[in-house]
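A.B. asks: This is the structure, below, for whatever I ask next.
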Amino acid sequence: MAQPSETDAARFFIDNGQSSMSIEGGSTVGSWDADVQIINAEFSIDLEALESNGSNPSTVFQLGSFTVPVENIDGDGRRLTRNIHNYLNKDDHPEITFTMNSSEIVEKGENGYKVEVNGVINAAGKDHEVVFTADVMPTENGGFLINGKLPLKFSDFNIDRPSAMLGTVRADEDIEIHYNLVLMSR
């Protein structure tokens with residue numbers, strides 16, 4: 001896949017103060033969620049190709065790195081936070097990573113772009129391939145807003161569904177990652 005050259009691509013990073021990411025799920029007793037406090041990521045966006053209608057839509061967005069420190073995932077209680085860290089095996093695998101294999105603009109609208117992303121998430125030491133769609137919108141200050149959601153399962157990462165109270169309380173298999181990421185230029 002062709003990569004944009006350093007002169008063509010502008011570098012962007014996630015502004016954690018304005019961004020949000022959460023993990024949401026359910027259980028036999030109700031719903032739960034956890035907030036991701038820190039996201040370390042760097043993107044390259046070929047701004048000239050983005051504005052050019054004739055450009056190859058698969059070379060516009062490139063991801064340099066994307067990591068989430070497990071210790072910065074905060075559940076809605078101390079017990080939930082501790083359980084999340086344990087199930088993600090924080091001591092042996094302190095980060096969740098995402099590696100983007102490809103991205104392609106699949107739709108250009110008045111307010112932004114719909115981008116299909118293909119990549120690999122590594123959590124708890126296990127790789128899982130994903131394909132999802134993200135909405136990318138330019139902001140007034142020259143940055144971008146990326147938002148969407150990604151359905152996953154505990155079993156995607158060989159994680160047993162969390163349980164408590166001798167198994168009478170059990171998490172649902174399905175979880176969903178919701179993200180609203182603000183990119184600022186370097």
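Residues are referred to by chain and number: the chain letter is A, B, ... according to the order shown in the structure tokens, the number counts from 1 in that chain, and ligands are numbered separately from 1 in the order shown.
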Within 12 Å of segment 113-126 of chain A, which residues of segment 37-67 of chain A show up? Give each one with its shortest atom-to-atom distance in Å (one decimal) and the two atoms involved, counting only C-alpha atoms, rows by chain then rising residue number, as JSON lines.
C.D. replies:
{"residue": "A:Leu50", "atom": "CA", "partner": "A:Tyr113", "partner_atom": "CA", "distance": 9.5}
{"residue": "A:Glu51", "atom": "CA", "partner": "A:Tyr113", "partner_atom": "CA", "distance": 11.0}
{"residue": "A:Pro57", "atom": "CA", "partner": "A:Val115", "partner_atom": "CA", "distance": 9.1}
{"residue": "A:Ser58", "atom": "CA", "partner": "A:Val115", "partner_atom": "CA", "distance": 9.2}
{"residue": "A:Thr59", "atom": "CA", "partner": "A:Val115", "partner_atom": "CA", "distance": 11.5}
{"residue": "A:Val60", "atom": "CA", "partner": "A:Val115", "partner_atom": "CA", "distance": 10.0}
{"residue": "A:Phe61", "atom": "CA", "partner": "A:Val115", "partner_atom": "CA", "distance": 8.9}
{"residue": "A:Gln62", "atom": "CA", "partner": "A:Val117", "partner_atom": "CA", "distance": 10.2}
{"residue": "A:Leu63", "atom": "CA", "partner": "A:Gly119", "partner_atom": "CA", "distance": 10.2}
{"residue": "A:Ser65", "atom": "CA", "partner": "A:Ile121", "partner_atom": "CA", "distance": 11.8}
{"residue": "A:Phe66", "atom": "CA", "partner": "A:Ile121", "partner_atom": "CA", "distance": 9.6}
{"residue": "A:Thr67", "atom": "CA", "partner": "A:Asn122", "partner_atom": "CA", "distance": 9.5}
A.B. asks: Would you save the residues of that selection, restricted to N, CA and C atoms, as a PDB file, in the first residue's frame?
C.D. replies:
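File selection.pdb, as written:
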ATOM      1  N   LEU A  50      -6.673  14.392   0.555  1.00  0.00           N
ATOM      2  CA  LEU A  50      -8.003  14.427   1.154  1.00  0.00           C
ATOM      3  C   LEU A  50      -8.916  15.382   0.388  1.00  0.00           C
ATOM      4  N   GLU A  51      -8.378  16.494  -0.018  1.00  0.00           N
ATOM      5  CA  GLU A  51      -9.170  17.500  -0.734  1.00  0.00           C
ATOM      6  C   GLU A  51      -9.309  17.197  -2.218  1.00  0.00           C
ATOM      7  N   PRO A  57      -8.311   6.941  -2.399  1.00  0.00           N
ATOM      8  CA  PRO A  57      -8.859   7.128  -1.053  1.00  0.00           C
ATOM      9  C   PRO A  57      -8.240   6.215  -0.001  1.00  0.00           C
ATOM     10  N   SER A  58      -7.376   5.270  -0.419  1.00  0.00           N
ATOM     11  CA  SER A  58      -6.776   4.361   0.558  1.00  0.00           C
ATOM     12  C   SER A  58      -5.420   4.849   1.055  1.00  0.00           C
ATOM     13  N   THR A  59      -4.936   5.984   0.586  1.00  0.00           N
ATOM     14  CA  THR A  59      -3.629   6.477   1.035  1.00  0.00           C
ATOM     15  C   THR A  59      -3.733   7.733   1.899  1.00  0.00           C
ATOM     16  N   VAL A  60      -4.929   8.173   2.205  1.00  0.00           N
ATOM     17  CA  VAL A  60      -5.117   9.449   2.901  1.00  0.00           C
ATOM     18  C   VAL A  60      -4.795   9.345   4.389  1.00  0.00           C
ATOM     19  N   PHE A  61      -5.348   8.342   5.077  1.00  0.00           N
ATOM     20  CA  PHE A  61      -5.192   8.208   6.522  1.00  0.00           C
ATOM     21  C   PHE A  61      -4.199   7.098   6.851  1.00  0.00           C
ATOM     22  N   GLN A  62      -3.195   7.422   7.630  1.00  0.00           N
ATOM     23  CA  GLN A  62      -2.210   6.438   8.088  1.00  0.00           C
ATOM     24  C   GLN A  62      -2.086   6.565   9.604  1.00  0.00           C
ATOM     25  N   LEU A  63      -1.910   5.434  10.262  1.00  0.00           N
ATOM     26  CA  LEU A  63      -1.772   5.419  11.719  1.00  0.00           C
ATOM     27  C   LEU A  63      -0.342   5.083  12.067  1.00  0.00           C
ATOM     28  N   SER A  65       0.846   5.068  15.462  1.00  0.00           N
ATOM     29  CA  SER A  65       0.761   4.222  16.659  1.00  0.00           C
ATOM     30  C   SER A  65      -0.559   4.505  17.368  1.00  0.00           C
ATOM     31  N   PHE A  66      -1.029   3.499  18.115  1.00  0.00           N
ATOM     32  CA  PHE A  66      -2.255   3.664  18.901  1.00  0.00           C
ATOM     33  C   PHE A  66      -2.161   2.714  20.088  1.00  0.00           C
ATOM     34  N   THR A  67      -2.012   3.260  21.294  1.00  0.00           N
ATOM     35  CA  THR A  67      -1.926   2.434  22.500  1.00  0.00           C
ATOM     36  C   THR A  67      -2.798   3.019  23.603  1.00  0.00           C
TER      37      THR A  67
END
A.B. asks: Can you pull out the residues contacting Ser44 of chain A? Cut-off 6 Å, using only C-alpha atoms, and skip same-chain residues under 4 positions away; I want them as a list in words.
C.D. replies: Ala9, Ala10, Arg11 and Gln62 of chain A
A.B. asks: Quick one: write out the picked residues with C-alpha atoms as a PDB file, in the first residue's frame?
C.D. replies:
ATOM      1  CA  ALA A   9       1.236  14.201   5.207  1.00  0.00           C
ATOM      2  CA  ALA A  10       0.455  16.291   8.256  1.00  0.00           C
ATOM      3  CA  ARG A  11       0.903  14.693  11.691  1.00  0.00           C
ATOM      4  CA  GLN A  62      -2.210   6.438   8.088  1.00  0.00           C
TER       5      GLN A  62
END
A.B. asks: From the options A:Glu176, A:Asp135, A:Asp74, A:Glu129, which residue's atoms come nearest to Thr97 of chain A, counting only C-alpha atoms?
C.D. replies: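 With only C-alpha atoms as the atom set, the closest residue is A:Glu129.
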A.B. asks: Excluding same-chain residues fewer than 3 positions from Asp156 of chain A, what lies within 7 Å of it counting only C-alpha atoms, as a ChimeraX atom specification?
C.D. replies: /A:128,152-153
